[in-house]
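As stored in model09.cif (mmCIF, C-alpha atoms; chains and numbers go by the auth columns):
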data_query
loop_
_atom_site.group_PDB
_atom_site.id
_atom_site.type_symbol
_atom_site.label_atom_id
_atom_site.label_comp_id
_atom_site.label_asym_id
_atom_site.label_seq_id
_atom_site.Cartn_x
_atom_site.Cartn_y
_atom_site.Cartn_z
_atom_site.B_iso_or_equiv
_atom_site.auth_seq_id
_atom_site.auth_asym_id
ATOM 1 C CA PHE A 1 11.320 16.494 -3.748 0.00 1133 L
ATOM 2 C CA ILE A 2 10.966 15.303 -7.332 0.00 1134 L
ATOM 3 C CA GLU A 3 7.496 13.965 -8.089 0.00 1135 L
ATOM 4 C CA SER A 4 7.297 11.668 -11.068 0.00 1136 L
ATOM 5 C CA THR A 5 4.928 9.564 -13.121 0.00 1137 L
ATOM 6 C CA ASP A 6 5.817 7.353 -16.039 0.00 1138 L
ATOM 7 C CA ASN A 7 5.038 10.218 -18.428 0.00 1139 L
ATOM 8 C CA GLU A 8 6.175 13.386 -16.704 0.00 1140 L
ATOM 9 C CA THR A 9 8.383 14.692 -13.947 0.00 1141 L
ATOM 10 C CA SER A 10 7.813 17.814 -11.897 0.00 1142 L
ATOM 11 C CA VAL A 11 9.815 19.386 -9.104 0.00 1143 L
ATOM 12 C CA VAL A 12 8.081 19.859 -5.769 0.00 1144 L
ATOM 13 C CA THR A 13 9.851 22.044 -3.246 0.00 1145 L
ATOM 14 C CA SER A 14 9.778 21.268 0.449 0.00 1146 L
ATOM 15 C CA SER A 15 9.942 23.920 3.121 0.00 1147 L
ATOM 16 C CA ASN A 16 12.131 21.563 5.162 0.00 1148 L
ATOM 17 C CA GLU A 17 14.377 20.470 2.315 0.00 1149 L
ATOM 18 C CA ASN A 18 17.586 21.544 3.986 0.00 1150 L
ATOM 19 C CA ASP A 19 16.403 21.287 7.566 0.00 1151 L
ATOM 20 C CA ASP A 20 17.285 17.953 9.156 0.00 1152 L
ATOM 21 C CA ALA A 21 15.084 18.669 12.159 0.00 1153 L
ATOM 22 C CA GLY A 22 12.158 19.461 9.854 0.00 1154 L
ATOM 23 C CA THR A 23 12.714 16.289 7.915 0.00 1155 L
ATOM 24 C CA GLN A 24 12.708 14.228 11.093 0.00 1156 L
ATOM 25 C CA GLN A 25 9.593 16.042 12.223 0.00 1157 L
ATOM 26 C CA THR A 26 7.844 15.071 8.989 0.00 1158 L
ATOM 27 C CA CYS A 27 8.134 11.388 9.852 0.00 1159 L
ATOM 28 C CA PHE A 28 6.093 11.649 13.033 0.00 1160 L
ATOM 29 C CA ALA A 29 4.273 14.984 13.078 0.00 1161 L
ATOM 30 C CA ASP A 30 2.799 14.428 9.596 0.00 1162 L
ATOM 31 C CA LEU A 31 1.898 10.820 10.446 0.00 1163 L
ATOM 32 C CA PHE A 32 3.934 9.503 7.533 0.00 1164 L
ATOM 33 C CA LEU A 33 2.217 11.786 5.007 0.00 1165 L
ATOM 34 C CA PHE A 34 5.569 13.059 3.682 0.00 1166 L
ATOM 35 C CA HIS A 35 4.332 16.596 2.933 0.00 1167 L
ATOM 36 C CA GLY A 36 1.670 15.147 0.643 0.00 1168 L
ATOM 37 C CA HIS A 37 4.320 13.755 -1.716 0.00 1169 L
ATOM 38 C CA ARG A 38 2.458 10.924 -3.451 0.00 1170 L
ATOM 39 C CA THR A 39 5.477 8.874 -4.520 0.00 1171 L
ATOM 40 C CA ALA A 40 6.901 8.963 -0.982 0.00 1172 L
ATOM 41 C CA GLN A 41 3.492 8.026 0.419 0.00 1173 L
ATOM 42 C CA ALA A 42 3.311 5.103 -2.000 0.00 1174 L
ATOM 43 C CA SER A 43 6.724 3.969 -0.783 0.00 1175 L
ATOM 44 C CA GLY A 44 5.376 3.948 2.766 0.00 1176 L
ATOM 45 C CA PHE A 45 2.328 1.903 1.763 0.00 1177 L
ATOM 46 C CA ILE A 46 4.563 -0.579 -0.064 0.00 1178 L
ATOM 47 C CA TRP A 47 6.627 -1.110 3.088 0.00 1179 L
ATOM 48 C CA PHE A 48 3.397 -1.494 5.046 0.00 1180 L
ATOM 49 C CA GLY A 49 2.340 -4.328 2.738 0.00 1181 L
ATOM 50 C CA GLN A 50 5.793 -5.896 2.591 0.00 1182 L
ATOM 51 C CA GLY A 51 6.058 -5.879 6.375 0.00 1183 L
ATOM 52 C CA GLY A 52 2.858 -7.883 6.680 0.00 1184 L
ATOM 53 C CA LEU A 53 4.008 -10.255 3.951 0.00 1185 L
ATOM 54 C CA ILE A 54 7.360 -10.900 5.623 0.00 1186 L
ATOM 55 C CA ILE A 55 5.721 -11.540 8.997 0.00 1187 L
ATOM 56 C CA SER A 56 3.175 -13.939 7.494 0.00 1188 L
ATOM 57 C CA ASN A 57 5.903 -15.780 5.617 0.00 1189 L
ATOM 58 C CA ILE A 58 7.846 -16.339 8.840 0.00 1190 L
ATOM 59 C CA PHE A 59 4.821 -18.071 10.362 0.00 1191 L
ATOM 60 C CA LEU A 60 4.134 -19.956 7.131 0.00 1192 L
ATOM 61 C CA ALA A 61 7.720 -21.250 6.952 0.00 1193 L
ATOM 62 C CA SER A 62 7.380 -22.638 10.475 0.00 1194 L
ATOM 63 C CA SER A 63 4.067 -24.264 9.574 0.00 1195 L
ATOM 64 C CA LEU A 64 5.425 -25.838 6.380 0.00 1196 L
ATOM 65 C CA THR A 65 8.465 -27.164 8.230 0.00 1197 L
ATOM 66 C CA TYR A 66 6.287 -28.754 10.905 0.00 1198 L
ATOM 67 C CA LEU A 67 3.892 -30.304 8.376 0.00 1199 L
ATOM 68 C CA ALA A 68 6.797 -31.690 6.343 0.00 1200 L
ATOM 69 C CA ASN A 69 8.295 -33.252 9.462 0.00 1201 L
ATOM 70 C CA GLU A 70 4.902 -34.663 10.379 0.00 1202 L
ATOM 71 C CA GLU A 71 4.532 -36.397 7.004 0.00 1203 L
ATOM 72 C CA ALA A 72 8.100 -37.707 7.198 0.00 1204 L
ATOM 73 C CA GLY A 73 7.434 -39.174 10.644 0.00 1205 L
ATOM 74 C CA CYS A 74 9.805 -36.829 12.441 0.00 1206 L
ATOM 75 C CA ILE A 75 7.425 -35.688 15.168 0.00 1207 L
ATOM 76 C CA ASN A 76 8.107 -37.178 18.596 0.00 1208 L
ATOM 77 C CA GLU A 77 5.647 -38.149 21.331 0.00 1209 L
ATOM 78 C CA GLU A 78 5.725 -34.621 22.745 0.00 1210 L
ATOM 79 C CA ASP A 79 4.386 -33.365 19.402 0.00 1211 L
ATOM 80 C CA GLU A 80 7.701 -31.663 18.682 0.00 1212 L
ATOM 81 C CA ILE A 81 10.113 -31.963 15.763 0.00 1213 L
ATOM 82 C CA ASP A 82 12.773 -34.615 16.317 0.00 1214 L
ATOM 83 C CA SER A 83 16.034 -32.904 15.457 0.00 1215 L
ATOM 84 C CA ASP A 84 17.815 -36.261 15.089 0.00 1216 L
ATOM 85 C CA CYS A 85 15.364 -37.580 12.499 0.00 1217 L
ATOM 86 C CA THR A 86 16.985 -38.447 9.147 0.00 1218 L
ATOM 87 C CA ASN A 87 13.843 -39.501 7.260 0.00 1219 L
ATOM 88 C CA LYS A 88 13.585 -38.025 3.778 0.00 1220 L
ATOM 89 C CA LEU A 89 10.663 -36.616 1.868 0.00 1221 L
ATOM 90 C CA TYR A 90 10.786 -35.817 -1.858 0.00 1222 L
ATOM 91 C CA GLY A 91 14.513 -36.527 -1.746 0.00 1223 L
ATOM 92 C CA MET A 92 15.285 -34.127 1.101 0.00 1224 L
ATOM 93 C CA THR A 93 15.087 -33.968 4.851 0.00 1225 L
ATOM 94 C CA PRO A 94 12.197 -31.806 6.112 0.00 1226 L
ATOM 95 C CA SER A 95 14.643 -29.494 7.870 0.00 1227 L
ATOM 96 C CA ASN A 96 15.982 -28.444 4.446 0.00 1228 L
ATOM 97 C CA LEU A 97 12.579 -27.452 3.070 0.00 1229 L
ATOM 98 C CA VAL A 98 12.839 -23.701 3.647 0.00 1230 L
ATOM 99 C CA ALA A 99 16.413 -23.588 2.342 0.00 1231 L
ATOM 100 C CA ASN A 100 15.406 -25.460 -0.814 0.00 1232 L
ATOM 101 C CA MET A 101 12.481 -23.077 -1.353 0.00 1233 L
ATOM 102 C CA ALA A 102 14.956 -20.197 -1.212 0.00 1234 L
ATOM 103 C CA VAL A 103 17.184 -21.954 -3.758 0.00 1235 L
ATOM 104 C CA VAL A 104 14.274 -22.370 -6.180 0.00 1236 L
ATOM 105 C CA THR A 105 13.313 -18.726 -5.708 0.00 1237 L
ATOM 106 C CA GLY A 106 16.877 -17.628 -6.376 0.00 1238 L
ATOM 107 C CA LEU A 107 17.191 -19.714 -9.538 0.00 1239 L
ATOM 108 C CA ILE A 108 13.929 -18.439 -11.026 0.00 1240 L
ATOM 109 C CA ALA A 109 14.730 -14.860 -10.010 0.00 1241 L
ATOM 110 C CA SER A 110 18.206 -14.979 -11.547 0.00 1242 L
ATOM 111 C CA ILE A 111 16.636 -15.855 -14.896 0.00 1243 L
ATOM 112 C CA SER A 112 13.606 -13.561 -14.813 0.00 1244 L
ATOM 113 C CA LEU A 113 14.794 -10.411 -13.039 0.00 1245 L
ATOM 114 C CA PRO A 114 17.176 -9.168 -15.784 0.00 1246 L
ATOM 115 C CA VAL A 115 14.314 -9.323 -18.301 0.00 1247 L
ATOM 116 C CA VAL A 116 11.841 -7.660 -15.931 0.00 1248 L
ATOM 117 C CA GLY A 117 14.440 -5.052 -14.962 0.00 1249 L
ATOM 118 C CA ALA A 118 14.949 -4.133 -18.620 0.00 1250 L
ATOM 119 C CA ALA A 119 11.182 -3.745 -19.020 0.00 1251 L
ATOM 120 C CA ILE A 120 11.056 -1.490 -15.959 0.00 1252 L
ATOM 121 C CA ASP A 121 13.919 0.720 -17.135 0.00 1253 L
ATOM 122 C CA PHE A 122 13.232 0.958 -20.859 0.00 1254 L
ATOM 123 C CA THR A 123 9.447 0.721 -21.269 0.00 1255 L
ATOM 124 C CA ASP A 124 6.427 2.538 -19.855 0.00 1256 L
ATOM 125 C CA LYS A 125 5.168 -0.645 -18.153 0.00 1257 L
ATOM 126 C CA ARG A 126 6.784 -0.031 -14.767 0.00 1258 L
ATOM 127 C CA ARG A 127 3.554 0.713 -12.929 0.00 1259 L
ATOM 128 C CA LEU A 128 1.765 -2.168 -14.646 0.00 1260 L
ATOM 129 C CA ILE A 129 4.505 -4.617 -13.655 0.00 1261 L
ATOM 130 C CA GLY A 130 4.395 -3.415 -10.063 0.00 1262 L
ATOM 131 C CA GLY A 131 0.610 -3.690 -9.927 0.00 1263 L
ATOM 132 C CA LEU A 132 0.531 -7.183 -11.418 0.00 1264 L
ATOM 133 C CA SER A 133 3.199 -8.409 -9.006 0.00 1265 L
ATOM 134 C CA VAL A 134 1.167 -7.162 -6.045 0.00 1266 L
ATOM 135 C CA VAL A 135 -2.039 -8.798 -7.328 0.00 1267 L
ATOM 136 C CA ILE A 136 -0.257 -12.140 -7.811 0.00 1268 L
ATOM 137 C CA ILE A 137 1.290 -11.929 -4.322 0.00 1269 L
ATOM 138 C CA VAL A 138 -2.106 -11.239 -2.737 0.00 1270 L
ATOM 139 C CA LEU A 139 -3.752 -14.094 -4.652 0.00 1271 L
ATOM 140 C CA ILE A 140 -1.055 -16.578 -3.631 0.00 1272 L
ATOM 141 C CA GLN A 141 -1.274 -15.449 -0.018 0.00 1273 L
ATOM 142 C CA ALA A 142 -5.050 -15.943 -0.133 0.00 1274 L
ATOM 143 C CA ILE A 143 -4.585 -19.467 -1.520 0.00 1275 L
ATOM 144 C CA GLN A 144 -2.052 -20.253 1.217 0.00 1276 L
ATOM 145 C CA ILE A 145 -4.764 -19.790 3.826 0.00 1277 L
ATOM 146 C CA GLY A 146 -5.627 -23.367 2.875 0.00 1278 L
ATOM 147 C CA THR A 147 -2.314 -24.782 4.104 0.00 1279 L
ATOM 148 C CA THR A 148 -2.984 -28.178 5.697 0.00 1280 L
ATOM 149 C CA SER A 149 -1.240 -31.515 6.110 0.00 1281 L
ATOM 150 C CA ARG A 150 -2.574 -32.492 2.677 0.00 1282 L
ATOM 151 C CA THR A 151 -1.651 -29.311 0.801 0.00 1283 L
ATOM 152 C CA TRP A 152 1.636 -28.276 2.399 0.00 1284 L
ATOM 153 C CA PHE A 153 3.871 -29.317 -0.517 0.00 1285 L
ATOM 154 C CA ALA A 154 1.832 -27.358 -3.073 0.00 1286 L
ATOM 155 C CA MET A 155 1.926 -24.390 -0.720 0.00 1287 L
ATOM 156 C CA ALA A 156 5.703 -24.730 -0.447 0.00 1288 L
ATOM 157 C CA VAL A 157 5.942 -24.550 -4.241 0.00 1289 L
ATOM 158 C CA LEU A 158 3.743 -21.437 -4.224 0.00 1290 L
ATOM 159 C CA GLN A 159 5.972 -19.977 -1.522 0.00 1291 L
ATOM 160 C CA ALA A 160 8.971 -20.320 -3.824 0.00 1292 L
ATOM 161 C CA VAL A 161 7.003 -18.589 -6.590 0.00 1293 L
ATOM 162 C CA ILE A 162 5.830 -15.753 -4.357 0.00 1294 L
ATOM 163 C CA GLY A 163 9.460 -15.031 -3.509 0.00 1295 L
ATOM 164 C CA VAL A 164 10.122 -14.240 -7.173 0.00 1296 L
ATOM 165 C CA PHE A 165 7.208 -11.817 -7.401 0.00 1297 L
ATOM 166 C CA PHE A 166 8.317 -10.238 -4.134 0.00 1298 L
ATOM 167 C CA GLU A 167 11.714 -9.553 -5.732 0.00 1299 L
ATOM 168 C CA ILE A 168 10.000 -8.078 -8.797 0.00 1300 L
ATOM 169 C CA GLN A 169 7.800 -5.842 -6.658 0.00 1301 L
ATOM 170 C CA THR A 170 10.822 -4.718 -4.644 0.00 1302 L
ATOM 171 C CA MET A 171 12.700 -3.909 -7.844 0.00 1303 L
ATOM 172 C CA VAL A 172 9.811 -1.769 -9.082 0.00 1304 L
ATOM 173 C CA HIS A 173 9.680 -0.062 -5.696 0.00 1305 L
ATOM 174 C CA HIS A 174 13.387 0.755 -5.772 0.00 1306 L
ATOM 175 C CA SER A 175 13.104 2.179 -9.284 0.00 1307 L
ATOM 176 C CA TYR A 176 10.949 4.973 -7.864 0.00 1308 L
ATOM 177 C CA LEU A 177 13.290 5.937 -5.021 0.00 1309 L
ATOM 178 C CA PRO A 178 15.516 8.319 -7.061 0.00 1310 L
ATOM 179 C CA GLU A 179 12.371 10.229 -8.018 0.00 1311 L
ATOM 180 C CA ILE A 180 11.397 10.841 -4.393 0.00 1312 L
ATOM 181 C CA GLY A 181 14.390 13.046 -3.619 0.00 1313 L
ATOM 182 C CA LYS A 182 17.992 13.706 -4.527 0.00 1314 L
ATOM 183 C CA ASP A 183 19.167 14.695 -1.051 0.00 1315 L
ATOM 184 C CA MET A 184 20.591 11.532 0.533 0.00 1316 L
ATOM 185 C CA LYS A 185 19.787 12.558 4.117 0.00 1317 L
ATOM 186 C CA GLU A 186 16.200 13.275 3.213 0.00 1318 L
ATOM 187 C CA LEU A 187 15.852 10.091 1.168 0.00 1319 L
ATOM 188 C CA THR A 188 17.327 8.051 4.024 0.00 1320 L
ATOM 189 C CA MET A 189 14.818 9.577 6.446 0.00 1321 L
ATOM 190 C CA ILE A 190 11.942 8.832 4.079 0.00 1322 L
ATOM 191 C CA LYS A 191 13.042 5.190 3.791 0.00 1323 L
ATOM 192 C CA PHE A 192 13.457 5.033 7.581 0.00 1324 L
ATOM 193 C CA CYS A 193 9.932 6.347 8.157 0.00 1325 L
ATOM 194 C CA ALA A 194 8.496 4.028 5.517 0.00 1326 L
ATOM 195 C CA LYS A 195 10.107 0.999 7.163 0.00 1327 L
ATOM 196 C CA ILE A 196 8.706 2.044 10.549 0.00 1328 L
ATOM 197 C CA GLU A 197 5.291 2.244 8.904 0.00 1329 L
ATOM 198 C CA GLY A 198 5.810 -1.233 7.473 0.00 1330 L
ATOM 199 C CA PHE A 199 6.766 -2.986 10.699 0.00 1331 L
#
Starting from the coordinates I provided, produce the structure as structure tokens.
Amino acid sequence: FIESTDNETSVVTSSNENDDAGTQQTCFADLFLFHGHRTAQASGFIWFGQGGLIISNIFLASSLTYLANEEAGCINEEDEIDSDCTNKLYGMTPSNLVANMAVVTGLIASISLPVVGAAIDFTDKRRLIGGLSVVIIVLIQAIQIGTTSRTWFAMAVLQAVIGVFFEIQTMVHHSYLPEIGKDMKELTMIKFCAKIEGF
């Protein structure tokens, strides 16, 4: 393993470095502790948080779609979304809401990510950027608890914004991966275990 901070890098040897069976055993026998390697542990915690965020966003997207259809008058007598409804809201059909949120996220990200990526690679602010992105994501998620029929559009706008900060946080996360290990099999196993921890 290679353990790194923004100011120094030190090499940490693993007794199972070249032992595939040992590496696999680390994932489950060590309960995702990764031999005490702090950067690898942090990667696992990041996936844990991202997993919860992705799951919550799936439910939120369904809620926003329903509320948009409700305001547009596209809910039938069975309290279900009428797939044949062509009513428009804010210049779009409610069924296109989630897709349009993704478009807004992509446009903002395409402008901001090159600048943020340069800051991550060429300054000592990598950890600060990652921390701020997480704080903003948590705050927006807390605000989105108040999603109702009156606030759904504002929450949809926030959802587009949170997608940008999710991309930033993911970019910071990925910038640490080369410092976890140079062996591709071991790094793949670490990522595999971290994703299991997340979902």
* Structure fact -> Among L:Ile1187, L:Arg1258, L:Ala1200, L:Asp1216, Thr1280 (chain L) is approached most closely, using only C-alpha atoms, by L:Ala1200
* **Explicit residue set for the PyMOL selection byres ((chain L and resi 1197) around 8), as a list in words** => Ala1193, Ser1194, Ser1195, Leu1196, Tyr1198, Leu1199, Ala1200, Asn1201, Pro1226, Ser1227, Leu1229 and Val1230 of chain L
* Asked: Can you list, as number ranges by chain, the residues that the PyMOL selection byres ((chain L and resi 1295) around 12) selects here?
  -> L: 1182, 1185-1186, 1189, 1230, 1233-1242, 1245, 1265-1266, 1268-1269, 1272-1273, 1288-1294, 1296-1302
* Just how far from CA of Gly1184 (chain L) is CA of Gln1276 (chain L), in Å to one decimal? -> 14.4 Å
* Skipping near chain neighbours, those fewer than 6 positions away, what residues fall within 12 Å of His1306 (chain L) using only C-alpha atoms, listed as a ChimeraX atom specification? -> /L:1171-1172,1174-1175,1178-1179,1249,1252-1253,1258,1262,1299-1300,1312,1319,1323
* **Point-to-point distance from CA of Ile1190 (chain L) to CA of Thr1320 (chain L), Å rounded to tenths** =>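 Distance reported for this atom pair: 26.6 Å.
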* Looking at L:Val1267, L:Thr1255, L:Glu1209, L:Glu1202, which one is nearest to Leu1221 (chain L), with distances taken over all atoms listed in the file? ->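 Ranking L:Val1267, L:Thr1255, L:Glu1209, L:Glu1202 by distance to Leu1221 (chain L), first place goes to L:Glu1202.
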* Have a look at CA of Gly1278 (chain L) and CA of Met1303 (chain L) and let me know their distance in Å, one decimal. =>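 Computing it gives 28.8 Å between the two atoms.
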Enclose the full set of atoms of region 1294-1311 of chain L listed in the file within a box whose edges lie along x, y and z, apply 8 Å of padding to each of the six sides, and report centre and edge lengths in Å to one decimal as lines of an AutoDock Vina configuration file.
center_x = 10.7
center_y = -2.8
center_z = -6.4
size_x = 25.7
size_y = 42.0
size_z = 21.8
Once N, CA, C and O atoms are restored for region 1215-1239 of chain L, what would the output be as a short mmCIF file (atom, residue, chain, number, x, y, z; two decimals), in the coordinates of the input?
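Dumped to result30.cif:
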data_model
loop_
_atom_site.label_atom_id
_atom_site.label_comp_id
_atom_site.auth_asym_id
_atom_site.auth_seq_id
_atom_site.Cartn_x
_atom_site.Cartn_y
_atom_site.Cartn_z
N SER L 1215 14.88 -33.46 16.16
CA SER L 1215 16.03 -32.90 15.46
C SER L 1215 17.01 -33.97 14.96
O SER L 1215 17.83 -33.69 14.07
N ASP L 1216 16.92 -35.18 15.50
CA ASP L 1216 17.82 -36.26 15.09
C ASP L 1216 17.23 -37.12 13.97
O ASP L 1216 17.87 -38.07 13.51
N CYS L 1217 16.03 -36.79 13.52
CA CYS L 1217 15.36 -37.58 12.50
C CYS L 1217 16.06 -37.40 11.15
O CYS L 1217 16.38 -36.27 10.75
N THR L 1218 16.31 -38.50 10.46
CA THR L 1218 16.98 -38.45 9.15
C THR L 1218 16.07 -38.92 8.02
O THR L 1218 16.53 -39.15 6.89
N ASN L 1219 14.78 -39.08 8.30
CA ASN L 1219 13.84 -39.50 7.26
C ASN L 1219 13.79 -38.46 6.14
O ASN L 1219 13.90 -37.26 6.40
N LYS L 1220 13.60 -38.93 4.92
CA LYS L 1220 13.58 -38.02 3.78
C LYS L 1220 12.21 -37.99 3.14
O LYS L 1220 11.44 -38.96 3.19
N LEU L 1221 11.94 -36.84 2.52
CA LEU L 1221 10.66 -36.62 1.87
C LEU L 1221 10.93 -35.86 0.57
O LEU L 1221 11.58 -34.81 0.60
N TYR L 1222 10.50 -36.41 -0.55
CA TYR L 1222 10.79 -35.82 -1.86
C TYR L 1222 12.29 -35.61 -2.06
O TYR L 1222 12.73 -34.62 -2.64
N GLY L 1223 13.08 -36.57 -1.55
CA GLY L 1223 14.51 -36.53 -1.75
C GLY L 1223 15.27 -35.58 -0.83
O GLY L 1223 16.46 -35.34 -1.04
N MET L 1224 14.62 -35.06 0.19
CA MET L 1224 15.28 -34.13 1.10
C MET L 1224 14.76 -34.35 2.50
O MET L 1224 13.67 -34.88 2.71
N THR L 1225 15.56 -33.94 3.47
CA THR L 1225 15.09 -33.97 4.85
C THR L 1225 14.17 -32.78 5.08
O THR L 1225 14.39 -31.71 4.49
N PRO L 1226 13.13 -32.91 5.89
CA PRO L 1226 12.20 -31.81 6.11
C PRO L 1226 12.86 -30.52 6.62
O PRO L 1226 12.39 -29.43 6.34
N SER L 1227 13.96 -30.68 7.34
CA SER L 1227 14.64 -29.49 7.87
C SER L 1227 15.24 -28.62 6.77
O SER L 1227 15.55 -27.45 7.00
N ASN L 1228 15.41 -29.19 5.57
CA ASN L 1228 15.98 -28.44 4.45
C ASN L 1228 14.92 -27.81 3.55
O ASN L 1228 15.25 -27.20 2.53
N LEU L 1229 13.66 -27.93 3.93
CA LEU L 1229 12.58 -27.45 3.07
C LEU L 1229 12.68 -25.97 2.78
O LEU L 1229 12.65 -25.53 1.62
N VAL L 1230 12.81 -25.16 3.82
CA VAL L 1230 12.84 -23.70 3.65
C VAL L 1230 14.06 -23.28 2.83
O VAL L 1230 13.98 -22.41 1.95
N ALA L 1231 15.21 -23.91 3.10
CA ALA L 1231 16.41 -23.59 2.34
C ALA L 1231 16.25 -23.93 0.87
O ALA L 1231 16.66 -23.17 -0.02
N ASN L 1232 15.62 -25.07 0.58
CA ASN L 1232 15.41 -25.46 -0.81
C ASN L 1232 14.40 -24.54 -1.51
O ASN L 1232 14.53 -24.27 -2.71
N MET L 1233 13.42 -24.05 -0.78
CA MET L 1233 12.48 -23.08 -1.35
C MET L 1233 13.23 -21.81 -1.75
O MET L 1233 12.98 -21.23 -2.81
N ALA L 1234 14.16 -21.39 -0.91
CA ALA L 1234 14.96 -20.20 -1.21
C ALA L 1234 15.83 -20.42 -2.44
O ALA L 1234 16.02 -19.50 -3.25
N VAL L 1235 16.36 -21.64 -2.59
CA VAL L 1235 17.18 -21.95 -3.76
C VAL L 1235 16.36 -21.86 -5.04
O VAL L 1235 16.79 -21.28 -6.04
N VAL L 1236 15.15 -22.42 -5.01
CA VAL L 1236 14.27 -22.37 -6.18
C VAL L 1236 13.92 -20.92 -6.52
O VAL L 1236 13.96 -20.52 -7.69
N THR L 1237 13.61 -20.14 -5.49
CA THR L 1237 13.31 -18.73 -5.71
C THR L 1237 14.49 -18.01 -6.35
O THR L 1237 14.33 -17.24 -7.31
N GLY L 1238 15.68 -18.28 -5.84
CA GLY L 1238 16.88 -17.63 -6.38
C GLY L 1238 17.15 -18.00 -7.82
O GLY L 1238 17.53 -17.14 -8.63
N LEU L 1239 16.95 -19.27 -8.17
CA LEU L 1239 17.19 -19.71 -9.54
C LEU L 1239 16.21 -19.06 -10.52
O LEU L 1239 16.60 -18.58 -11.58
#
